[in-house]
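Single-structure report; data block below.
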Amino acid sequence: MKPSLLELIVCPACHGALSLTARSRDGEEILEGALTCAGCAARYAIRGGVPRFVETEAAVGEAGRTATAFGWEWHAFPRIDAHHERQFLDWIAPATAESFAGRVVLEGGCGKGRHTRLVAGYGARLVLGVDLSDAVDVAFANTRELPNAHIVQADLRRLPLSPGSVDHAFSVGVLHHLPVPREGFEALARAVRPGGALTVWVYGAENNVWIARVVSPVRTGFTSRIPPRALYGLSWLVSVPLWVVLKTLYRPAGSKALAWMRRLLFYYPYLGYISKFPFREIHHIVHDHLAAPVAHYLTRAEVLEMYGVAGISDARVEWHNRNSWRGFGRKASPEGRSA
């Protein structure tokens, strides 16, 4: 943890100011220590460079199982590769890299920190990556040399932030794994100042009936319950034939000469998109779809409604690969307008 983080974070229980006790440092980084609330006297450990406002093992039910599954996953797939930037920018459109310059930014569900790292590189004044799982250890390792990047372990629905304290909040591929996606969305919206931006990317219900009927029952009834290492091996076995199909059919169909093939290929917009990725990314995608105990598929109307309830009346919710929704909007200013 860098001491500059104290400018932003507060006690998640009472929003009181936090005081810092450092026991071990590495340059500017505080590796071991504690944060104490001046209001309610709650004490939060700093361990491995990360403030721990919640412990993974303390999470219960679906939230706890999800945190455990993704914590293991991000340790198993820790790499950050060049194609992740293009993927991120596609997910957050119409926001761009320039949208974050000079801003205080919150990432809800940072995983291994790949997007936190990108946003820090785009010139954010400060970017805070929050995750419930032990993936924060990987995220810290991937961002610790960046002076404007911070990682904390906390529940997205109970953020260590005062309302209206960030300029731009975003969440990519996380809300649909919460027991109640709306709760996470509303927590992000509360953290955004009037005139600030809120960007989300979630699974779509439209065009995904086959996943709901085939993949989801397999995931909830079997694959999310088997030991992580067994799932890693199983997902690798599933990835091999998928990889062959992607490279021999879907990748060639991306050319102009073979564009006619696209009409014949199942789920082409998405599978054609990922056909450009290396095998390790395909393995990660398959593993990700099989690991989560819960996954919600949201309609466009549901995403628009969440924006509306948050006071964002002019939100844009658009297709991404015709199987997911990317949303963007600005919170109403005090004058009742979006800035």
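Each chain of the structure tokens is named A, B, ... in the order shown, its residues numbered from 1; ligands are numbered from 1 in display order.
Every protein, DNA or RNA residue with an atom at most 10 Å from A:Leu246, where only C-alpha atoms count and chain neighbours fewer than 5 positions away do not, is listed here: Val240, Pro241, Arg251, Pro252, Ala253, Tyr268, Leu271, Gly272, Tyr273, Ile274, Ser275, Lys276, Phe277 and Ile282 of chain A.
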Write to file, as a PDB file, in the first residue's frame, the residues of the selection just made, with C-alpha atoms.
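Writing done, so here's selection18.pdb:
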ATOM      1  CA  VAL A 240      -7.945 -28.091 -27.421  1.00  0.00           C
ATOM      2  CA  PRO A 241     -10.751 -28.989 -29.885  1.00  0.00           C
ATOM      3  CA  ARG A 251     -10.067 -17.231 -37.976  1.00  0.00           C
ATOM      4  CA  PRO A 252     -10.086 -17.704 -41.792  1.00  0.00           C
ATOM      5  CA  ALA A 253     -13.694 -16.456 -41.920  1.00  0.00           C
ATOM      6  CA  TYR A 268     -19.636 -16.195 -35.119  1.00  0.00           C
ATOM      7  CA  LEU A 271     -16.056 -16.930 -31.574  1.00  0.00           C
ATOM      8  CA  GLY A 272     -14.645 -15.037 -34.535  1.00  0.00           C
ATOM      9  CA  TYR A 273     -13.488 -12.317 -32.144  1.00  0.00           C
ATOM     10  CA  ILE A 274     -11.635 -14.690 -29.793  1.00  0.00           C
ATOM     11  CA  SER A 275     -10.183 -16.738 -32.688  1.00  0.00           C
ATOM     12  CA  LYS A 276      -7.329 -14.196 -32.781  1.00  0.00           C
ATOM     13  CA  PHE A 277      -6.254 -14.972 -29.219  1.00  0.00           C
ATOM     14  CA  ILE A 282      -8.733 -19.605 -24.939  1.00  0.00           C
TER      15      ILE A 282
END
Could you list, as an mmCIF file with C-alpha atoms, in the first residue's frame, every residue within 8 Å of A:His15, counting only C-alpha atoms and ignoring same-chain residues fewer than 2 positions away?
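Everything below was put into result-v4.cif:
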data_model
loop_
_atom_site.group_PDB
_atom_site.id
_atom_site.type_symbol
_atom_site.label_atom_id
_atom_site.label_comp_id
_atom_site.auth_asym_id
_atom_site.auth_seq_id
_atom_site.Cartn_x
_atom_site.Cartn_y
_atom_site.Cartn_z
ATOM 1 C CA VAL A 10 -12.330 5.417 4.414
ATOM 2 C CA CYS A 11 -13.689 2.825 6.821
ATOM 3 C CA PRO A 12 -16.276 0.719 4.948
ATOM 4 C CA ALA A 13 -18.329 0.325 8.133
ATOM 5 C CA ALA A 17 -11.055 8.502 8.548
ATOM 6 C CA GLY A 39 -14.810 6.719 14.113
ATOM 7 C CA PRO A 160 -14.090 1.681 1.553
ATOM 8 C CA LEU A 161 -15.016 4.938 -0.189
ATOM 9 C CA SER A 162 -17.104 7.973 0.593
#
*Quick one: everything within 10 Å of stretch 198-204 of chain A, counting only C-alpha atoms, minus sequence neighbours fewer than 6 positions away in the same chain. Send it as JSON, numbers by chain.*
{"A": [88, 90, 91, 92, 93, 94, 95, 105, 106, 107, 108, 167, 168, 169, 170, 171, 172, 173, 174, 175, 176, 177, 181, 185, 188, 189, 191, 192, 295, 296, 297, 298, 299, 300, 302, 303, 307, 310, 312, 315, 316, 317, 318, 319, 320, 322, 323, 324, 325, 326, 327, 328, 329, 330, 331]}
How would the residues just picked look written out with C-alpha atoms as a tab-separated table (two decimals), in the first residue's frame?
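New file selection_19.tsv:
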chain	number	residue	atom	x	y	z
A	88	PHE	CA	-10.35	-3.89	-22.59
A	90	ASP	CA	-13.57	-2.96	-26.78
A	91	TRP	CA	-15.33	-3.77	-23.51
A	92	ILE	CA	-15.48	-0.17	-22.24
A	93	ALA	CA	-16.44	1.64	-25.47
A	94	PRO	CA	-17.55	4.41	-25.90
A	95	ALA	CA	-15.13	5.27	-23.08
A	105	VAL	CA	-10.79	5.94	-11.08
A	106	LEU	CA	-12.34	2.92	-9.38
A	107	GLU	CA	-12.28	-0.60	-10.81
A	108	GLY	CA	-14.91	-2.85	-9.27
A	167	ASP	CA	-14.53	10.55	-11.28
A	168	HIS	CA	-14.98	7.30	-13.20
A	169	ALA	CA	-15.98	3.84	-11.99
A	170	PHE	CA	-15.86	0.79	-14.22
A	171	SER	CA	-16.47	-2.92	-13.87
A	172	VAL	CA	-15.70	-5.48	-16.56
A	173	GLY	CA	-17.13	-9.00	-16.31
A	174	VAL	CA	-17.85	-8.85	-12.58
A	175	LEU	CA	-21.40	-7.68	-11.85
A	176	HIS	CA	-22.97	-10.71	-13.50
A	177	HIS	CA	-21.14	-12.98	-11.04
A	181	PRO	CA	-25.85	-7.71	-9.84
A	185	PHE	CA	-23.96	-1.58	-9.75
A	188	LEU	CA	-20.32	1.70	-7.96
A	189	ALA	CA	-22.83	4.43	-8.78
A	191	ALA	CA	-18.96	6.12	-5.41
A	192	VAL	CA	-19.16	8.30	-8.55
A	295	ALA	CA	-23.52	-16.17	-13.65
A	296	HIS	CA	-26.44	-13.94	-14.55
A	297	TYR	CA	-27.33	-13.04	-18.13
A	298	LEU	CA	-28.86	-9.57	-18.24
A	299	THR	CA	-31.19	-8.06	-20.81
A	300	ARG	CA	-30.50	-4.64	-22.28
A	302	GLU	CA	-32.26	-4.55	-17.15
A	303	VAL	CA	-28.94	-2.76	-17.68
A	307	TYR	CA	-28.49	3.18	-14.96
A	310	ALA	CA	-28.65	5.45	-10.39
A	312	ILE	CA	-28.21	8.33	-15.25
A	315	ALA	CA	-26.91	5.94	-20.67
A	316	ARG	CA	-25.70	4.12	-23.76
A	317	VAL	CA	-26.06	0.31	-23.65
A	318	GLU	CA	-24.73	-1.37	-26.77
A	319	TRP	CA	-23.94	-4.84	-28.10
A	320	HIS	CA	-20.47	-6.27	-27.84
A	322	ARG	CA	-23.84	-9.69	-30.01
A	323	ASN	CA	-23.63	-11.66	-26.76
A	324	SER	CA	-22.90	-9.05	-24.08
A	325	TRP	CA	-23.73	-5.48	-23.12
A	326	ARG	CA	-21.39	-2.57	-22.57
A	327	GLY	CA	-22.90	0.40	-20.79
A	328	PHE	CA	-21.71	3.97	-20.33
A	329	GLY	CA	-23.29	7.01	-18.76
A	330	ARG	CA	-22.66	10.07	-16.63
A	331	LYS	CA	-24.22	10.74	-13.27
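Taking only stretch 162-324 of chain A, the residues that DSSP calls strand (DSSP E) from the backbone come to Val166, Asp167, His168, Ala169, Phe170, Ser171, Val172, Val192, Arg193, Pro194, Gly195, Gly196, Ala197, Leu198, Thr199, Val200, Trp201, Val202, Tyr203, Arg316, Val317, Glu318, Trp319, His320 and Ser324 of chain A.
Compared by their closest atoms to A:Pro163, and using only C-alpha atoms, the residues A:Leu231, A:Val214, A:Cys37, A:Ile9 rank with A:Ile9 nearest.
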*asked:* Using DSSP assignments from the backbone, pull out every residue in stretch 25-172 of chain A that falls under alpha helix (DSSP H) and give it to me as a PyMOL selection string.
replied: chain A and resi 61-76+83-92+114-121+136-143
Please provide the set of residues having any atom within 10 Å of stretch 25-29 of chain A, restricted to only C-alpha atoms, with same-chain residues fewer than 3 positions apart removed, written as a compact mmCIF listing (two decimals) with C-alpha atoms, in the first residue's frame.
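Wrote it out as part-v2.txt, contents follow:
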# COMPACT_ATOMS: atom_id res chain seq x y z
CA MET A 1 0.00 0.00 0.00
CA LYS A 2 1.22 3.48 -0.89
CA PRO A 3 0.51 6.18 1.72
CA SER A 4 -1.17 8.33 -0.95
CA ALA A 22 3.35 0.69 9.15
CA GLU A 32 2.70 -5.00 6.55
CA GLY A 33 0.75 -2.85 8.94
CA GLY A 48 1.46 -8.44 1.44
CA GLY A 49 1.12 -4.77 0.47
CA VAL A 50 -2.70 -4.94 0.31
CA ARG A 144 3.14 -2.31 -7.43
CA GLU A 145 5.71 -0.30 -9.42
CA PRO A 147 2.85 5.20 -8.33
